[in-house]
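Engineer: Contents of query.txt (compact mmCIF, C-alpha atoms):
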# COMPACT_ATOMS: atom_id res chain seq x y z
CA MET A 1 11.52 -11.05 10.98
CA LYS A 2 8.02 -10.28 12.19
CA ALA A 3 5.84 -8.76 9.47
CA LEU A 4 2.58 -6.79 9.72
CA PHE A 5 0.28 -6.14 6.78
CA PHE A 6 -2.08 -3.19 7.03
CA MET A 7 -5.50 -3.50 5.40
CA PRO A 8 -7.75 -0.41 5.19
CA VAL A 9 -11.45 -1.26 5.04
CA TYR A 10 -14.24 1.04 3.95
CA ASP A 11 -17.61 -0.53 3.10
CA GLN A 12 -16.25 -3.81 1.69
CA VAL A 13 -18.77 -6.20 3.21
CA ARG A 14 -19.13 -8.12 -0.05
CA GLU A 15 -15.42 -8.55 -0.76
CA LEU A 16 -13.92 -8.79 2.72
CA PRO A 17 -15.05 -12.37 3.56
CA ARG A 18 -13.27 -13.64 0.46
CA VAL A 19 -10.09 -11.76 1.42
CA LEU A 20 -10.17 -13.13 4.98
CA ASP A 21 -10.63 -16.66 3.63
CA ALA A 22 -7.68 -16.14 1.29
CA ILE A 23 -5.49 -14.98 4.19
CA ALA A 24 -6.39 -18.11 6.17
CA ALA A 25 -5.73 -20.34 3.15
CA ALA A 26 -2.32 -18.77 2.51
CA ARG A 27 -1.00 -19.97 5.91
CA LEU A 28 1.60 -17.23 6.10
CA ALA A 29 4.28 -17.82 8.71
CA ASP A 30 5.35 -14.82 10.82
CA VAL A 31 2.89 -12.50 9.06
CA GLU A 32 0.16 -10.72 11.00
CA PHE A 33 -2.60 -8.41 9.82
CA LEU A 34 -3.97 -5.11 11.10
CA LEU A 35 -7.42 -4.22 9.76
CA VAL A 36 -8.43 -0.58 10.02
CA ASN A 37 -12.13 0.19 9.74
CA ASN A 38 -12.39 3.58 8.04
CA GLY A 39 -15.89 4.40 9.25
CA SER A 40 -17.69 1.55 7.47
CA ARG A 41 -21.45 1.42 7.84
CA ASP A 42 -22.28 -1.61 5.69
CA GLY A 43 -21.43 -4.38 8.15
CA SER A 44 -17.70 -4.51 7.41
CA GLN A 45 -17.02 -3.37 10.97
CA GLU A 46 -18.65 -6.51 12.38
CA LEU A 47 -16.62 -8.73 10.05
CA ILE A 48 -13.43 -7.01 11.18
CA ARG A 49 -14.20 -7.50 14.87
CA ALA A 50 -15.00 -11.17 14.31
CA SER A 51 -11.97 -11.84 12.11
CA GLY A 52 -9.52 -12.58 14.92
CA HIS A 53 -7.01 -10.12 13.46
CA ALA A 54 -5.78 -6.99 15.23
CA SER A 55 -7.89 -3.98 14.33
CA ILE A 56 -8.44 -0.26 14.73
CA ASP A 57 -12.00 1.08 14.55
CA LEU A 58 -12.39 4.65 13.28
CA PRO A 59 -15.83 6.28 13.65
CA GLN A 60 -15.47 8.15 10.35
CA ASN A 61 -13.42 7.94 7.20
CA ARG A 62 -10.67 10.56 7.40
CA GLY A 63 -8.86 9.16 4.37
CA VAL A 64 -6.80 6.08 3.60
CA GLY A 65 -3.61 8.02 4.30
CA TYR A 66 -4.81 8.78 7.82
CA SER A 67 -5.40 5.10 8.54
CA TYR A 68 -2.02 4.27 6.95
CA ILE A 69 -0.30 6.67 9.38
CA LEU A 70 -2.17 5.18 12.36
CA ALA A 71 -1.18 1.69 11.27
CA LEU A 72 2.47 2.68 11.00
CA ASP A 73 2.44 4.20 14.48
CA TRP A 74 0.76 1.01 15.76
CA ALA A 75 3.41 -1.19 14.15
CA LEU A 76 6.32 0.95 15.34
CA ALA A 77 5.05 0.81 18.91
CA ARG A 78 5.02 -2.99 18.72
CA GLU A 79 8.43 -3.31 17.05
CA TYR A 80 7.54 -5.15 13.88
CA THR A 81 10.36 -5.54 11.36
CA ILE A 82 8.43 -5.44 8.08
CA PHE A 83 5.34 -3.40 7.24
CA GLY A 84 3.16 -4.11 4.23
CA THR A 85 -0.10 -3.02 2.67
CA ILE A 86 -2.85 -5.05 1.02
CA ALA A 87 -6.29 -4.04 -0.24
CA SER A 88 -9.54 -5.27 1.30
CA ASN A 89 -11.38 -5.48 -2.04
CA GLY A 90 -9.82 -8.74 -3.20
CA LYS A 91 -7.69 -7.31 -6.01
CA MET A 92 -4.45 -8.43 -4.31
CA LEU A 93 -3.65 -12.03 -3.41
CA PRO A 94 -2.47 -12.87 0.13
CA ALA A 95 -0.76 -15.94 -1.31
CA GLU A 96 1.67 -13.59 -3.07
CA ILE A 97 2.78 -11.73 0.07
CA SER A 98 5.98 -13.79 0.16
CA ARG A 99 7.01 -12.18 -3.14
CA LEU A 100 7.11 -8.86 -1.31
CA ILE A 101 8.69 -9.81 1.98
CA ASP A 102 11.23 -12.44 0.90
CA PRO A 103 13.57 -9.88 -0.77
CA ILE A 104 13.54 -7.92 2.51
CA ARG A 105 14.17 -10.97 4.64
CA THR A 106 17.11 -11.96 2.43
CA SER A 107 18.54 -8.39 2.49
CA GLN A 108 18.04 -7.81 -1.23
CA ALA A 109 15.86 -4.72 -0.74
CA ASP A 110 14.54 -2.27 1.82
CA TYR A 111 11.33 -1.41 -0.03
CA VAL A 112 9.48 -3.76 -2.38
CA THR A 113 6.44 -2.94 -4.48
CA GLY A 114 4.38 -5.11 -6.76
CA SER A 115 4.05 -4.75 -10.51
CA ARG A 116 1.32 -6.31 -12.60
CA PHE A 117 3.34 -5.55 -15.75
CA LEU A 118 6.59 -7.42 -15.02
CA ALA A 119 7.07 -10.90 -16.43
CA GLY A 120 5.21 -13.23 -14.10
CA GLY A 121 2.67 -10.58 -13.12
CA SER A 122 -0.87 -10.26 -14.42
CA SER A 123 -3.96 -8.08 -14.25
CA PRO A 124 -7.11 -9.99 -15.22
CA ASN A 125 -9.95 -7.69 -16.35
CA LEU A 126 -7.76 -4.58 -16.03
CA PRO A 127 -10.03 -1.65 -16.99
CA ARG A 128 -9.10 0.24 -20.14
CA PHE A 129 -8.68 3.51 -18.21
CA ARG A 130 -6.16 1.92 -15.86
CA ARG A 131 -4.29 0.30 -18.74
CA THR A 132 -3.78 3.67 -20.41
CA SER A 133 -3.36 5.88 -17.30
CA ILE A 134 -0.75 3.84 -15.40
CA PRO A 135 1.95 4.33 -18.10
CA VAL A 136 1.19 8.06 -17.94
CA VAL A 137 1.80 8.04 -14.18
CA ASN A 138 4.99 6.03 -14.71
CA ALA A 139 6.21 8.70 -17.14
CA PHE A 140 5.24 11.45 -14.70
CA VAL A 141 7.30 9.78 -11.95
CA TRP A 142 10.26 9.43 -14.30
CA MET A 143 10.12 13.13 -15.14
CA ALA A 144 9.69 14.13 -11.49
CA LEU A 145 12.21 11.80 -9.87
CA GLY A 146 14.23 10.18 -12.62
CA ALA A 147 12.99 6.75 -11.49
CA ARG A 148 11.88 4.28 -14.13
CA LEU A 149 9.01 2.19 -12.77
CA THR A 150 6.72 -0.31 -14.46
CA ASP A 151 3.79 0.14 -12.04
CA ALA A 152 3.98 3.28 -9.90
CA THR A 153 0.37 3.03 -8.70
CA CYS A 154 0.38 -0.53 -7.35
CA GLY A 155 -0.55 -0.45 -3.66
CA PHE A 156 0.72 -3.96 -2.86
CA ARG A 157 3.93 -3.05 -1.00
CA ALA A 158 6.22 -4.01 1.87
CA PHE A 159 9.23 -2.32 3.43
CA ARG A 160 11.64 -2.46 6.31
CA LEU A 161 9.81 -0.61 9.08
CA GLU A 162 13.05 0.75 10.50
CA ILE A 163 13.20 3.34 7.73
CA MET A 164 10.32 5.24 9.34
CA ARG A 165 12.44 5.85 12.44
CA ARG A 166 15.01 7.52 10.18
CA ALA A 167 12.52 9.80 8.42
CA ARG A 168 13.37 13.50 8.79
CA PHE A 169 10.24 14.70 6.98
CA ASP A 170 6.80 15.18 8.53
CA TRP A 171 4.94 12.04 7.54
CA HIS A 172 2.09 12.87 9.93
CA ALA A 173 1.14 16.04 8.00
CA THR A 174 -2.61 16.43 7.44
CA TRP A 175 -2.25 16.90 3.67
CA LEU A 176 -1.18 13.24 3.51
CA TYR A 177 -4.45 11.92 4.92
CA THR A 178 -5.92 11.01 1.51
CA TYR A 179 -4.26 9.01 -1.27
CA SER A 180 -1.13 11.15 -1.04
CA PHE A 181 0.58 9.27 1.76
CA GLU A 182 1.70 6.06 0.06
CA TYR A 183 3.02 7.91 -3.00
CA TYR A 184 4.80 10.52 -0.89
CA LEU A 185 6.56 7.82 1.12
CA TYR A 186 7.47 5.85 -2.02
CA ALA A 187 8.88 9.01 -3.60
CA LYS A 188 10.98 9.71 -0.50
CA VAL A 189 12.33 6.15 -0.60
CA LEU A 190 13.20 6.41 -4.29
CA LEU A 191 15.06 9.64 -3.58
CA GLY A 192 16.94 8.09 -0.65
CA PRO A 193 20.43 7.24 -1.98
CA ARG A 194 21.03 4.38 0.46
CA LEU A 195 17.64 2.68 0.23
CA ARG A 196 17.31 -0.28 -2.10
CA THR A 197 14.01 -0.58 -3.97
CA LEU A 198 12.64 -3.45 -6.00
CA GLU A 199 9.59 -4.20 -8.14
CA VAL A 200 8.34 -7.80 -8.16
CA PRO A 201 5.64 -9.41 -10.30
CA ILE A 202 2.22 -9.74 -8.66
CA THR A 203 -1.40 -10.31 -9.68
CA MET A 204 -4.01 -7.57 -9.59
CA GLN A 205 -7.41 -9.09 -10.33
CA TYR A 206 -10.35 -6.84 -11.19
CA PRO A 207 -14.08 -7.63 -11.15
CA VAL A 208 -15.70 -8.31 -14.50
CA SER A 209 -18.27 -5.57 -13.83
CA GLY A 210 -19.12 -2.96 -11.23
CA ALA A 211 -16.96 -0.55 -9.25
CA TYR A 212 -13.32 -1.57 -8.91
CA SER A 213 -11.95 1.39 -6.92
CA LYS A 214 -13.00 4.12 -4.50
CA ILE A 215 -10.69 6.66 -6.15
CA ARG A 216 -12.78 9.65 -7.25
CA PRO A 217 -11.94 11.40 -10.53
CA GLY A 218 -10.55 14.89 -10.07
CA TRP A 219 -9.20 15.72 -6.63
CA ASP A 220 -8.11 12.16 -5.84
CA TRP A 221 -5.99 12.18 -9.01
CA VAL A 222 -4.34 15.37 -7.81
CA ALA A 223 -3.76 13.77 -4.42
CA MET A 224 -1.97 10.89 -6.15
CA LEU A 225 0.30 13.04 -8.36
CA ARG A 226 1.11 15.95 -6.05
CA PRO A 227 3.29 13.97 -3.58
CA TRP A 228 5.86 13.01 -6.23
CA VAL A 229 6.51 16.68 -6.96
CA VAL A 230 6.47 17.78 -3.30
CA ALA A 231 8.93 15.04 -2.34
CA ARG A 232 11.23 16.00 -5.21
CA PHE A 233 11.66 19.59 -4.06
CA GLU A 234 11.81 19.03 -0.30
CA ARG A 235 15.24 18.85 1.28
CA GLU A 236 14.35 16.48 4.11
CA GLY A 237 14.82 12.76 3.58
CA PHE A 238 16.07 9.83 5.65
CA ALA A 239 18.91 9.95 8.15
CA PRO A 240 21.86 7.67 7.26
Starting from the file, give its structure as structure tokens.

Structural biologist:
Amino acid sequence: MKALFFMPVYDQVRELPRVLDAIAAARLADVEFLLVNNGSRDGSQELIRASGHASIDLPQNRGVGYSYILALDWALAREYTIFGTIASNGKMLPAEISRLIDPIRTSQADYVTGSRFLAGGSSPNLPRFRRTSIPVVNAFVWMALGARLTDATCGFRAFRLEIMRRARFDWHATWLYTYSFEYYLYAKVLLGPRLRTLEVPITMQYPVSGAYSKIRPGWDWVAMLRPWVVARFEREGFAP
């Protein structure tokens, strides 16, 4: 099964070299990477072009959801079997990608997402705000969908790409261009009665100091919570 991992990049010139080195060190068989430059102006774009990985260069940042949608279209056109996501800021470990894709390759799951809170997972230097807010989001998802998750916000994911061909909802809608897309898709999968989901333990490592996320307080929080509710009350899902 040929797998593609999408990596959105926006002004990560300090962190990206370490991530690229980690990918090379992991020596992942049958896993390729697609780097999407979301309008970087700090030199990240040059690192992407020199990386040797497939890439898409966007002149401006239209939102991580927009680049996610482009990456999915790119992967579908090239008939990959598995699609995954990994951050470009070094918080996720390429060496742990097999934890996400192995359950798909062995037909245990259709959609796998990481959890830093399961036994075997960890989150070094996890900020206090994240430690208290993630359980709140987990509770919100349980109330909205009836799904009990241990880490609803973890962006380290992989799924069987074929499910996108069965989608009967508009996953190219412009309102999904920000942080909404990945949560909307996850909600749709959780609501799909024939799709098997799984959480697996992973590591999310945070810097000791400095910025650890580009999520902006306020509207970005709304963009992350709204899709769970929208997905719950829409009738469209996946074809059998």

Engineer: Which residue, A:Ala231, A:Tyr179, A:Tyr111, A:Leu185, has the smallest gap to A:Thr197 when you use only C-alpha atoms?

Structural biologist: A:Tyr111

Engineer: Work out how far atom CA of A:Leu16 is from atom CA of A:Asn89, in Å to one decimal.

Structural biologist: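 Atom-to-atom, atom CA of A:Asn89 to atom CA of A:Leu16, that is 6.3 Å.
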
Engineer: Step by step: start from the point (7.7, 11.6, -10.0) in the file's coordinates, keep every protein, DNA or RNA residue that has an atom no farther than 9 Å from it, count all atoms listed in the file, and write the set as a ChimeraX atom specification.

Structural biologist: /A:137-147,187,225-229,231-232

Engineer: Atom CA of A:Pro207 and atom CA of A:Asp11 are how many Å apart?

Structural biologist: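 Answer for the atom CA of A:Pro207 to atom CA of A:Asp11 separation: 16.3 Å.
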
Engineer: So how many Å separate atom CA of A:Arg62 and atom CA of A:Ser133, to one decimal?

Structural biologist: 26.2 Å

Engineer: For each of A:Asn38, A:Asn125, A:Ser180, A:Ser88, take the minimum atom-to-atom distance to A:Ile23, counting all atoms listed in the file, then give the residue where this is smallest.

Structural biologist: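 With all atoms listed in the file as the atom set, the closest residue is A:Ser88.
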
Engineer: Quick one: what's the axis-aligned box for stretch 125-141 of chain A, all listed atoms, 6 Å on every side, centre and edges in Å to one decimal, as lines of an AutoDock Vina configuration file?

Structural biologist:
center_x = -1.4
center_y = 1.9
center_z = -16.2
size_x = 29.3
size_y = 31.1
size_z = 20.5

Engineer: Counting only C-alpha atoms, find the residues whose atoms lie at most 8 Å from (4.2, -9.8, -8.2) (file coordinates) and write them out as a PyMOL selection string.

Structural biologist: chain A and resi 96+99-100+114-116+118+120-121+199-203

Engineer: Tell me which of A:Val189, A:Ala119, A:Ala95, A:Ile86 sits closest to A:Leu4, counting only C-alpha atoms.

Structural biologist: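 The answer is A:Ile86, which sits nearest to A:Leu4.
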
Engineer: So which one's closest to A:Phe181, A:Leu47, A:Val19, A:Leu70, A:Met92? Using all atoms listed in the file, please.

Structural biologist: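 Residue with the minimum atom-to-atom distance to A:Phe181: A:Leu70.
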
Engineer: Please determine, counting all atoms listed in the file, which residue among A:Arg160, A:Arg105, A:Arg128, A:Arg41 has the shortest atom-to-atom distance to A:Ala75.

Structural biologist: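 Closest residue, counting all atoms listed in the file: A:Arg160.
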
Engineer: Select, from A:Asn37, A:Ser123, A:Gln60, A:Thr81, the residue with the minimum atom-to-atom distance to A:Ile104, counting all atoms listed in the file.

Structural biologist: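 That would be A:Thr81, the residue with the smallest distance to A:Ile104.
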
Engineer: Can you tell me, as a VMD selection string, what residues are no more than 9 Å from A:Arg196 when counting only C-alpha atoms, ignoring any on the same chain fewer than 4 positions away?

Structural biologist: chain A and resid 108 to 112 189 to 190 192

Engineer: Tell me which protein, DNA and RNA residues are within 7 Å of A:Ala54, counting all atoms listed in the file, leaving out same-chain ones fewer than 6 positions away, and put them as a list in words.

Structural biologist: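 The neighbour list is Phe33, Leu34 and Leu35 of chain A.
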
Engineer: Got a minute to add N, CA and C atoms to stretch 76-92 of chain A and dump it as a short mmCIF file (atom, residue, chain, number, x, y, z; two decimals), in the frame of the given file?

Structural biologist:
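New file rebuild01.cif:
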data_model
loop_
_atom_site.label_atom_id
_atom_site.label_comp_id
_atom_site.auth_asym_id
_atom_site.auth_seq_id
_atom_site.Cartn_x
_atom_site.Cartn_y
_atom_site.Cartn_z
N LEU A 76 5.07 0.48 14.73
CA LEU A 76 6.32 0.95 15.34
C LEU A 76 6.30 0.73 16.85
N ALA A 77 5.16 0.98 17.47
CA ALA A 77 5.05 0.81 18.91
C ALA A 77 5.22 -0.64 19.32
N ARG A 78 4.95 -1.56 18.41
CA ARG A 78 5.02 -2.99 18.72
C ARG A 78 6.23 -3.65 18.09
N GLU A 79 7.12 -2.86 17.52
CA GLU A 79 8.43 -3.31 17.05
C GLU A 79 8.37 -4.42 16.01
N TYR A 80 7.50 -4.27 15.03
CA TYR A 80 7.54 -5.15 13.88
C TYR A 80 8.77 -4.81 13.03
N THR A 81 9.19 -5.75 12.22
CA THR A 81 10.36 -5.54 11.36
C THR A 81 9.96 -5.11 9.96
N ILE A 82 8.90 -5.70 9.44
CA ILE A 82 8.43 -5.44 8.08
C ILE A 82 6.99 -4.94 8.14
N PHE A 83 6.70 -3.94 7.34
CA PHE A 83 5.34 -3.40 7.24
C PHE A 83 4.90 -3.50 5.80
N GLY A 84 3.68 -3.99 5.59
CA GLY A 84 3.16 -4.11 4.23
C GLY A 84 1.73 -3.61 4.13
N THR A 85 1.26 -3.46 2.91
CA THR A 85 -0.10 -3.02 2.67
C THR A 85 -0.78 -3.95 1.67
N ILE A 86 -2.06 -4.21 1.92
CA ILE A 86 -2.85 -5.05 1.02
C ILE A 86 -4.28 -4.53 1.03
N ALA A 87 -4.93 -4.56 -0.11
CA ALA A 87 -6.29 -4.04 -0.24
C ALA A 87 -7.30 -5.00 0.36
N SER A 88 -8.46 -4.45 0.73
CA SER A 88 -9.54 -5.27 1.30
C SER A 88 -10.60 -5.62 0.26
N ASN A 89 -10.37 -5.25 -1.00
CA ASN A 89 -11.38 -5.48 -2.04
C ASN A 89 -11.11 -6.73 -2.88
N GLY A 90 -10.08 -7.49 -2.52
CA GLY A 90 -9.82 -8.74 -3.20
C GLY A 90 -8.97 -8.64 -4.45
N LYS A 91 -8.50 -7.44 -4.79
CA LYS A 91 -7.69 -7.31 -6.01
C LYS A 91 -6.28 -7.88 -5.83
N MET A 92 -5.79 -7.92 -4.60
CA MET A 92 -4.45 -8.43 -4.31
C MET A 92 -4.56 -9.78 -3.64
#
